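Asks: What follows is the file run.cif, containing mmCIF, C-alpha atoms:
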data_upload
#
loop_
_atom_site.label_atom_id
_atom_site.label_comp_id
_atom_site.auth_asym_id
_atom_site.auth_seq_id
_atom_site.Cartn_x
_atom_site.Cartn_y
_atom_site.Cartn_z
CA MET A 1 -0.57 11.37 13.82
CA GLU A 2 -3.21 10.74 16.46
CA GLU A 3 -5.69 7.87 16.17
CA THR A 4 -8.52 10.41 15.87
CA GLU A 5 -7.01 12.04 12.79
CA SER A 6 -8.27 10.96 9.39
CA TYR A 7 -6.09 9.56 6.64
CA ILE A 8 -6.37 8.53 3.02
CA ILE A 9 -5.02 5.40 1.39
CA ARG A 10 -4.89 5.64 -2.39
CA GLU A 11 -3.07 4.35 -5.41
CA ALA A 12 0.34 5.93 -6.00
CA THR A 13 1.05 7.62 -9.34
CA GLU A 14 4.13 8.88 -11.17
CA ASP A 15 3.55 12.29 -9.58
CA ASP A 16 4.14 10.74 -6.14
CA ALA A 17 7.56 9.37 -7.10
CA PRO A 18 9.66 12.23 -5.61
CA ALA A 19 7.97 11.98 -2.18
CA LEU A 20 8.06 8.17 -2.10
CA ARG A 21 11.65 8.10 -3.27
CA GLU A 22 12.57 10.49 -0.45
CA ILE A 23 11.03 8.15 2.13
CA TYR A 24 12.86 5.18 0.65
CA ALA A 25 16.18 7.03 0.34
CA TYR A 26 16.40 7.37 4.12
CA TYR A 27 16.38 3.58 4.50
CA VAL A 28 18.95 3.10 1.72
CA LYS A 29 21.40 5.60 3.21
CA ASN A 30 20.93 4.84 6.91
CA THR A 31 19.72 1.27 7.35
CA ALA A 32 20.18 -2.33 6.25
CA ALA A 33 16.43 -2.73 5.79
CA THR A 34 17.17 -2.60 2.05
CA PHE A 35 20.36 -3.93 0.50
CA GLU A 36 20.64 -1.14 -2.06
CA TYR A 37 23.75 1.00 -1.59
CA GLN A 38 22.59 4.16 -3.39
CA PRO A 39 19.07 5.60 -3.63
CA PRO A 40 17.54 5.30 -7.10
CA SER A 41 16.87 8.43 -9.09
CA VAL A 42 13.36 9.87 -9.18
CA GLU A 43 13.07 8.62 -12.77
CA GLU A 44 14.08 5.10 -11.77
CA PHE A 45 11.74 5.11 -8.80
CA SER A 46 8.88 6.33 -10.99
CA ALA A 47 9.56 3.46 -13.40
CA ARG A 48 9.45 1.00 -10.52
CA ILE A 49 6.06 2.31 -9.45
CA GLU A 50 4.63 2.04 -12.94
CA ASN A 51 6.02 -1.45 -13.43
CA ALA A 52 4.49 -2.72 -10.18
CA ARG A 53 1.14 -1.04 -10.93
CA LYS A 54 0.72 -2.96 -14.18
CA ARG A 55 -0.49 -5.90 -12.14
CA TYR A 56 -0.53 -5.15 -8.41
CA PRO A 57 -1.71 -2.41 -6.02
CA TYR A 58 0.84 0.24 -5.06
CA LEU A 59 -0.68 2.16 -2.15
CA LEU A 60 0.32 5.21 -0.15
CA ILE A 61 -1.07 6.65 3.07
CA GLU A 62 -1.38 10.39 3.57
CA HIS A 63 -2.85 13.01 5.87
CA ASP A 64 -3.66 16.58 4.80
CA PHE A 65 -1.98 15.80 1.44
CA GLU A 66 1.24 14.81 3.25
CA ILE A 67 2.50 11.35 2.31
CA LEU A 68 3.40 9.28 5.37
CA GLY A 69 4.39 5.96 3.81
CA PHE A 70 3.72 3.40 1.12
CA ALA A 71 3.23 -0.33 0.58
CA PHE A 72 3.13 -2.35 -2.60
CA ALA A 73 3.27 -5.82 -4.10
CA HIS A 74 5.17 -7.34 -6.96
CA ALA A 75 5.69 -10.78 -8.45
CA PHE A 76 7.09 -13.37 -6.06
CA ARG A 77 8.58 -15.19 -9.04
CA GLU A 78 8.05 -14.68 -12.76
CA ARG A 79 6.88 -18.21 -13.69
CA PRO A 80 3.06 -18.42 -14.14
CA ALA A 81 2.72 -21.18 -11.52
CA TYR A 82 3.68 -18.54 -8.92
CA ASP A 83 0.82 -16.21 -9.91
CA TYR A 84 -1.09 -16.77 -6.68
CA ALA A 85 1.80 -15.58 -4.52
CA ALA A 86 3.06 -12.00 -4.23
CA GLU A 87 5.97 -10.31 -2.47
CA VAL A 88 5.01 -7.31 -0.33
CA THR A 89 7.05 -4.32 0.83
CA ILE A 90 6.36 -1.40 3.16
CA TYR A 91 8.21 1.81 4.03
CA LEU A 92 6.97 4.51 6.38
CA ARG A 93 8.44 7.95 6.75
CA GLU A 94 11.05 7.60 9.47
CA ASP A 95 9.25 9.93 11.89
CA MET A 96 5.92 8.14 11.34
CA ARG A 97 6.99 4.71 12.57
CA HIS A 98 5.42 3.06 15.65
CA ARG A 99 2.11 4.92 15.24
CA GLY A 100 -0.06 2.14 13.82
CA LEU A 101 0.15 3.34 10.23
CA GLY A 102 1.99 0.22 9.08
CA ARG A 103 -0.83 -2.04 10.17
CA ILE A 104 -3.38 0.23 8.47
CA ILE A 105 -1.75 0.36 5.06
CA TYR A 106 -0.56 -3.27 5.11
CA THR A 107 -4.10 -4.42 5.91
CA ALA A 108 -5.41 -2.35 3.01
CA LEU A 109 -2.78 -3.85 0.70
CA GLU A 110 -3.71 -7.35 1.85
CA ASP A 111 -7.40 -6.68 1.17
CA GLU A 112 -6.69 -5.44 -2.35
CA LEU A 113 -4.44 -8.40 -3.13
CA ARG A 114 -7.13 -10.78 -1.95
CA ARG A 115 -9.52 -9.08 -4.39
CA ILE A 116 -7.36 -9.93 -7.38
CA GLY A 117 -6.91 -13.56 -6.30
CA VAL A 118 -3.57 -13.63 -4.48
CA LEU A 119 -3.48 -16.38 -1.84
CA SER A 120 -0.02 -16.15 -0.28
CA LEU A 121 2.10 -13.16 0.73
CA TYR A 122 5.88 -13.15 1.19
CA ALA A 123 8.09 -10.51 2.78
CA CYS A 124 11.88 -10.44 2.51
CA VAL A 125 13.22 -9.15 5.85
CA ALA A 126 16.81 -8.52 7.02
CA LEU A 127 17.75 -9.66 10.53
CA PRO A 128 20.16 -7.94 12.93
CA SER A 129 22.65 -10.01 14.89
CA GLY A 130 22.56 -8.35 18.29
CA ASP A 131 22.68 -4.58 18.72
CA ASP A 132 23.08 -2.88 15.36
CA GLU A 133 22.99 0.84 14.62
CA HIS A 134 21.75 0.14 11.08
CA LEU A 135 19.05 -2.44 11.72
CA THR A 136 16.46 -3.21 14.42
CA PRO A 137 14.27 -6.31 14.91
CA ASP A 138 11.17 -4.15 14.32
CA SER A 139 10.37 -5.50 10.85
CA PRO A 140 10.22 -9.22 11.73
CA ARG A 141 8.24 -8.38 14.88
CA PHE A 142 5.84 -6.23 12.85
CA HIS A 143 5.22 -9.00 10.33
CA GLU A 144 4.79 -11.62 13.03
CA ALA A 145 2.21 -9.40 14.76
CA LEU A 146 0.25 -9.33 11.47
CA GLY A 147 0.23 -13.13 11.16
CA TYR A 148 3.36 -13.82 9.12
CA ARG A 149 5.63 -16.76 9.95
CA ARG A 150 9.28 -17.31 9.15
CA CYS A 151 9.59 -19.87 6.39
CA GLY A 152 13.15 -19.57 5.12
CA GLU A 153 16.55 -18.16 6.08
CA PHE A 154 19.57 -17.12 4.01
CA PHE A 155 22.61 -16.84 6.24
CA ASN A 156 24.89 -13.80 5.71
CA CYS A 157 23.57 -13.24 2.18
CA GLY A 158 23.85 -9.42 2.29
CA TYR A 159 26.85 -7.19 2.93
CA LYS A 160 26.32 -3.53 3.82
CA PHE A 161 28.00 -0.99 6.12
CA GLY A 162 30.92 -3.38 6.55
CA LYS A 163 28.72 -6.15 8.02
CA TRP A 164 27.10 -9.36 6.90
CA TYR A 165 23.33 -9.64 7.23
CA THR A 166 21.03 -12.64 7.25
CA MET A 167 17.72 -12.42 5.38
CA VAL A 168 14.53 -14.34 6.15
CA TRP A 169 11.41 -14.97 4.13
CA MET A 170 8.16 -14.45 6.00
CA GLU A 171 4.87 -15.91 4.76
CA LYS A 172 1.17 -15.25 5.31
CA VAL A 173 -1.67 -17.21 3.72
CA ILE A 174 -4.69 -14.99 3.00
CA GLY A 175 -7.00 -17.37 1.14
CA ASP A 176 -7.99 -20.96 0.52
CA PHE A 177 -6.35 -23.07 -2.17
CA PRO A 178 -9.04 -24.31 -4.60
CA GLU A 179 -8.42 -27.27 -6.84
CA HIS A 180 -8.92 -25.08 -9.91
CA PRO A 181 -8.27 -21.41 -9.06
CA ASP A 182 -9.52 -18.67 -11.33
CA PRO A 183 -6.86 -16.64 -13.17
CA LEU A 184 -5.66 -13.55 -11.34
CA THR A 185 -7.12 -10.19 -12.29
CA ALA A 186 -4.61 -7.40 -12.88
CA TYR A 187 -5.28 -4.68 -10.32
CA PRO A 188 -5.94 -1.90 -12.89
CA GLU A 189 -8.53 -4.16 -14.52
CA LEU A 190 -10.19 -4.83 -11.17
CA LEU A 191 -10.65 -1.11 -10.56
CA LYS A 192 -11.71 -0.39 -14.12
CA ASN A 193 -14.29 -3.18 -14.14
CA THR A 194 -15.83 -2.30 -10.78
CA GLU A 195 -19.56 -2.18 -11.32
CA LYS A 196 -21.20 1.23 -10.99
CA ASN A 197 -23.03 1.12 -7.66
CA VAL A 198 -23.34 4.35 -5.67
CA PRO A 199 -25.85 3.89 -2.87
CA GLU A 200 -28.03 6.64 -1.43
CA PRO A 201 -27.86 8.59 0.75
CA PRO A 202 -24.18 9.58 1.08
CA SER A 203 -24.81 10.41 4.74
CA LYS A 204 -24.96 6.65 5.35
CA PHE A 205 -21.16 6.74 5.26
CA ASP A 206 -20.60 9.68 7.62
CA GLY A 207 -17.83 8.91 10.10
CA HIS A 208 -17.15 5.46 8.65
CA GLN A 209 -14.11 4.03 6.90
CA VAL A 210 -14.99 3.60 3.22
CA ARG A 211 -13.41 2.04 0.14
CA LEU A 212 -14.22 4.32 -2.79
CA VAL A 213 -13.45 3.75 -6.47
CA THR A 214 -13.75 6.74 -8.79
CA GLU A 215 -14.97 6.80 -12.37
CA TYR A 216 -11.30 6.99 -13.39
CA GLY A 217 -10.39 3.72 -11.66
CA GLU A 218 -8.66 5.33 -8.66
CA MET A 219 -8.97 3.63 -5.27
CA PHE A 220 -9.29 5.59 -2.01
CA ARG A 221 -9.79 4.35 1.55
CA GLY A 222 -10.59 6.78 4.36
CA GLU A 223 -13.19 8.31 6.62
CA ALA A 224 -16.20 9.63 4.71
CA ASP A 225 -18.03 12.89 5.34
CA SER A 226 -20.99 13.56 3.05
CA PHE A 227 -21.95 17.01 1.81
CA PRO A 228 -25.28 18.33 0.45
CA ALA A 229 -26.12 19.36 -3.08
CA GLU A 230 -25.57 23.00 -2.17
CA PHE A 231 -21.86 22.36 -1.59
CA GLY A 232 -19.88 24.85 -3.78
CA MET A 233 -19.08 24.37 -7.47
CA HIS A 234 -22.25 26.24 -8.53
CA GLU A 235 -20.34 27.98 -11.29
CA LEU A 236 -19.58 24.60 -12.83
CA GLY A 237 -23.10 23.31 -12.48
CA ARG A 238 -22.03 20.69 -9.94
CA GLU A 239 -24.87 21.08 -7.46
CA GLU A 240 -24.95 17.43 -6.41
CA LYS A 241 -24.40 15.40 -3.26
CA GLY A 242 -21.05 13.81 -2.61
CA VAL A 243 -18.39 12.73 -0.14
CA GLN A 244 -15.23 14.26 1.29
CA MET A 245 -12.30 12.22 2.55
CA ASP A 246 -9.49 14.13 4.27
CA GLY A 247 -9.67 17.06 1.87
CA PHE A 248 -10.51 15.06 -1.26
CA THR A 249 -13.89 15.90 -2.80
CA PHE A 250 -15.91 13.28 -4.69
CA TYR A 251 -19.16 14.25 -6.39
CA ARG A 252 -21.70 11.48 -6.73
CA SER A 253 -21.30 11.33 -10.51
CA ASP A 254 -17.53 10.86 -10.06
CA ILE A 255 -17.95 7.77 -7.87
CA ARG A 256 -18.12 4.28 -9.32
CA SER A 257 -18.56 2.42 -6.05
CA MET A 258 -18.40 2.85 -2.28
CA GLU A 259 -18.46 0.25 0.45
CA LEU A 260 -18.07 0.32 4.21
CA ILE A 261 -14.86 -1.23 5.51
CA GLY A 262 -15.03 -0.16 9.14
#
As structure tokens, please, write out the structure in this file.
Replies:
Amino acid sequence: MEETESYIIREATEDDAPALREIYAYYVKNTAATFEYQPPSVEEFSARIENARKRYPYLLIEHDFEILGFAFAHAFRERPAYDYAAEVTIYLREDMRHRGLGRIIYTALEDELRRIGVLSLYACVALPSGDDEHLTPDSPRFHEALGYRRCGEFFNCGYKFGKWYTMVWMEKVIGDFPEHPDPLTAYPELLKNTEKNVPEPPSKFDGHQVRLVTEYGEMFRGEADSFPAEFGMHELGREEKGVQMDGFTFYRSDIRSMELIG
């Protein structure tokens, strides 16, 4: 994927489970990046997506309707005092690594977590000890480049492929710590309660990166390209202005909010 190509970041759904599971299965079978031994079934993976989405964003990045990777958050710990911290995870399709996509989708995930009130992010990362055919130092380097720091180490806590692996926690603070923080907002509620605010004209967003929330509470991030009222759909009486993002079509009446993000 070239830098000039457009992409979409959106919320994952149950329908995306087979593609996301396929991306993840590569890492289960071939690497020590995850300590699972066997890939979960599509049904199990779908359940994991739905469980995470009850409270946190679960994002995927795609181009021309082809899913390239995903990133999501889940509870750091279950006790309510930990509400302002979240654990984050990212997996890119194996052939899409080292192309800048990780930074793009992780930044989007961070932005969405900040919106719901999360203040601290934690990533659980396995470390190789020297040359290792099943694990590279790419993950800790990637997180460090995005502002994470190592804050804890668990020596030889994982055993896979006949080897012991050390795991480190990496931390990034993304907000201030008020004396009396507001309760977190569940991510579905944040999207659902987004105030209707569709500015005119749509051409204002041409060629810009936009965060768009639909009337159905779906979140998209991508490069916007407006279209005039004469754009298709005459047979359905949809002669209205709107926006396209990498093949997705959004009529003005379908949009709850749009904002420039780049």
Asks: Have a look at A:His74, A:His98, A:Ser226, A:Tyr26 and name the one nearest to A:Arg48; count all atoms listed in the file.
Replies: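 Checking each candidate against A:Arg48, we get A:His74 as the closest.
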Asks: Compare A:Ala126, A:Ala224, A:Met245, A:Leu101 by their minimum atom-to-atom distance to A:Glu259, counting only C-alpha atoms, and give me the closest one.
Replies: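 Looking at the shortest contact to A:Glu259, the residue is A:Ala224.
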Asks: Report the residues retrieved by the PyMOL selection byres ((chain A and resi 176) around 12) from the displayed file, expressed as a ChimeraX atom specification.
Replies: /A:84,114,117-120,172-175,177-181
Asks: Do you know which residues the PyMOL selection byres ((chain A and resi 14) around 9) returns on this file, as a list in words?
Replies: Ala12, Thr13, Asp15, Asp16, Ala17, Pro18, Phe45, Ser46, Ala47, Ile49 and Glu50 of chain A
Asks: Given only C-alpha atoms as the basis, pick out the residue of A:Tyr216, A:Tyr148, A:Tyr58, A:Tyr122 nearest to A:Tyr91.
Replies: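 So, comparing all the options, the nearest one is A:Tyr58.
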Asks: Could you tell me, as a ChimeraX atom specification, exactly which residues end up selected when the PyMOL selection byres ((chain A and resi 71) around 12) is applied to this structure?
Replies: /A:9-12,20,23-24,49,52-53,56-61,67-70,72-74,87-93,101-110,112-113,123
Asks: Using C-alpha atoms, can you write the selected residues to a file as a PDB file, keeping the file's coordinate frame?
Replies:
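Ended up saving to selection29.pdb:
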ATOM      1  CA  ILE A   9      -5.020   5.400   1.390  1.00  0.00           C
ATOM      2  CA  ARG A  10      -4.890   5.640  -2.390  1.00  0.00           C
ATOM      3  CA  GLU A  11      -3.070   4.350  -5.410  1.00  0.00           C
ATOM      4  CA  ALA A  12       0.340   5.930  -6.000  1.00  0.00           C
ATOM      5  CA  LEU A  20       8.060   8.170  -2.100  1.00  0.00           C
ATOM      6  CA  ILE A  23      11.030   8.150   2.130  1.00  0.00           C
ATOM      7  CA  TYR A  24      12.860   5.180   0.650  1.00  0.00           C
ATOM      8  CA  ILE A  49       6.060   2.310  -9.450  1.00  0.00           C
ATOM      9  CA  ALA A  52       4.490  -2.720 -10.180  1.00  0.00           C
ATOM     10  CA  ARG A  53       1.140  -1.040 -10.930  1.00  0.00           C
ATOM     11  CA  TYR A  56      -0.530  -5.150  -8.410  1.00  0.00           C
ATOM     12  CA  PRO A  57      -1.710  -2.410  -6.020  1.00  0.00           C
ATOM     13  CA  TYR A  58       0.840   0.240  -5.060  1.00  0.00           C
ATOM     14  CA  LEU A  59      -0.680   2.160  -2.150  1.00  0.00           C
ATOM     15  CA  LEU A  60       0.320   5.210  -0.150  1.00  0.00           C
ATOM     16  CA  ILE A  61      -1.070   6.650   3.070  1.00  0.00           C
ATOM     17  CA  ILE A  67       2.500  11.350   2.310  1.00  0.00           C
ATOM     18  CA  LEU A  68       3.400   9.280   5.370  1.00  0.00           C
ATOM     19  CA  GLY A  69       4.390   5.960   3.810  1.00  0.00           C
ATOM     20  CA  PHE A  70       3.720   3.400   1.120  1.00  0.00           C
ATOM     21  CA  PHE A  72       3.130  -2.350  -2.600  1.00  0.00           C
ATOM     22  CA  ALA A  73       3.270  -5.820  -4.100  1.00  0.00           C
ATOM     23  CA  HIS A  74       5.170  -7.340  -6.960  1.00  0.00           C
ATOM     24  CA  GLU A  87       5.970 -10.310  -2.470  1.00  0.00           C
ATOM     25  CA  VAL A  88       5.010  -7.310  -0.330  1.00  0.00           C
ATOM     26  CA  THR A  89       7.050  -4.320   0.830  1.00  0.00           C
ATOM     27  CA  ILE A  90       6.360  -1.400   3.160  1.00  0.00           C
ATOM     28  CA  TYR A  91       8.210   1.810   4.030  1.00  0.00           C
ATOM     29  CA  LEU A  92       6.970   4.510   6.380  1.00  0.00           C
ATOM     30  CA  ARG A  93       8.440   7.950   6.750  1.00  0.00           C
ATOM     31  CA  LEU A 101       0.150   3.340  10.230  1.00  0.00           C
ATOM     32  CA  GLY A 102       1.990   0.220   9.080  1.00  0.00           C
ATOM     33  CA  ARG A 103      -0.830  -2.040  10.170  1.00  0.00           C
ATOM     34  CA  ILE A 104      -3.380   0.230   8.470  1.00  0.00           C
ATOM     35  CA  ILE A 105      -1.750   0.360   5.060  1.00  0.00           C
ATOM     36  CA  TYR A 106      -0.560  -3.270   5.110  1.00  0.00           C
ATOM     37  CA  THR A 107      -4.100  -4.420   5.910  1.00  0.00           C
ATOM     38  CA  ALA A 108      -5.410  -2.350   3.010  1.00  0.00           C
ATOM     39  CA  LEU A 109      -2.780  -3.850   0.700  1.00  0.00           C
ATOM     40  CA  GLU A 110      -3.710  -7.350   1.850  1.00  0.00           C
ATOM     41  CA  GLU A 112      -6.690  -5.440  -2.350  1.00  0.00           C
ATOM     42  CA  LEU A 113      -4.440  -8.400  -3.130  1.00  0.00           C
ATOM     43  CA  ALA A 123       8.090 -10.510   2.780  1.00  0.00           C
TER      44      ALA A 123
END
Asks: If you measure from atom CA of A:Pro137 to atom CA of A:Ala32, what distance in Å do you get, rounded to one decimal?
Replies: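 These two atoms are separated by 11.2 Å.
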Asks: Using only C-alpha atoms, can you tell me which of A:Phe205, A:Ile8, A:Glu36, A:Lys196 comes closest to A:Met219?
Replies: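 Closest to A:Met219 of all the choices is A:Ile8.
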Asks: Need the neighbours of (-14.6, 13.1, 2.6): which residues are at most 8 Å away, counting all atoms listed in the file, as a PyMOL selection string?
Replies: chain A and resi 222-226+243-250
Asks: Between A:Leu260, A:Glu66, A:Val28, A:Asn51, which one has atoms that come closest to A:Gly207, using only C-alpha atoms?
Replies: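 That would be A:Leu260, the residue with the smallest distance to A:Gly207.
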Asks: I'd like the interatomic distance between atom CA of A:Glu171 and atom CA of A:Gly147, to a tenth of an Å.
Replies: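 Going from atom CA of A:Glu171 over to atom CA of A:Gly147, I get 8.4 Å.
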Asks: Just the number, please: distance in Å from atom CA of A:Phe155 to atom CA of A:Phe76, one decimal.
Replies: 20.1 Å
Asks: Which of these, A:Ile261, A:Ser129, A:Leu121, A:Lys163, has the shortest distance to A:Arg150 once you count only C-alpha atoms?
Replies: A:Leu121
Asks: Write out as a tab-separated table the residues of stretch 124-211 of chain A that have any atom within 10 Å of an atom of stretch 253-256 of chain A, one row each with the nearest atom pair and its distance in Å to one decimal, counting all atoms listed in the file, sorted by chain and then rising number.
Replies:
residue	atom	partner	partner_atom	distance
A:Leu191	CA	A:Arg256	CA	9.3
A:Lys192	CA	A:Arg256	CA	9.3
A:Asn193	CA	A:Arg256	CA	9.7
A:Thr194	CA	A:Arg256	CA	7.1
A:Glu195	CA	A:Arg256	CA	6.9
A:Lys196	CA	A:Arg256	CA	4.6
A:Asn197	CA	A:Arg256	CA	6.1
A:Val198	CA	A:Arg256	CA	6.4
Asks: List as a list in words the protein and nucleic acid residues near A:Thr185, meaning an atom at most 9 Å away when all atoms listed in the file are counted, but skip any in the same chain fewer than 5 places from it.
Replies: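 Returned residues: Arg55, Arg115, Ile116, Gly117 and Leu190 of chain A.
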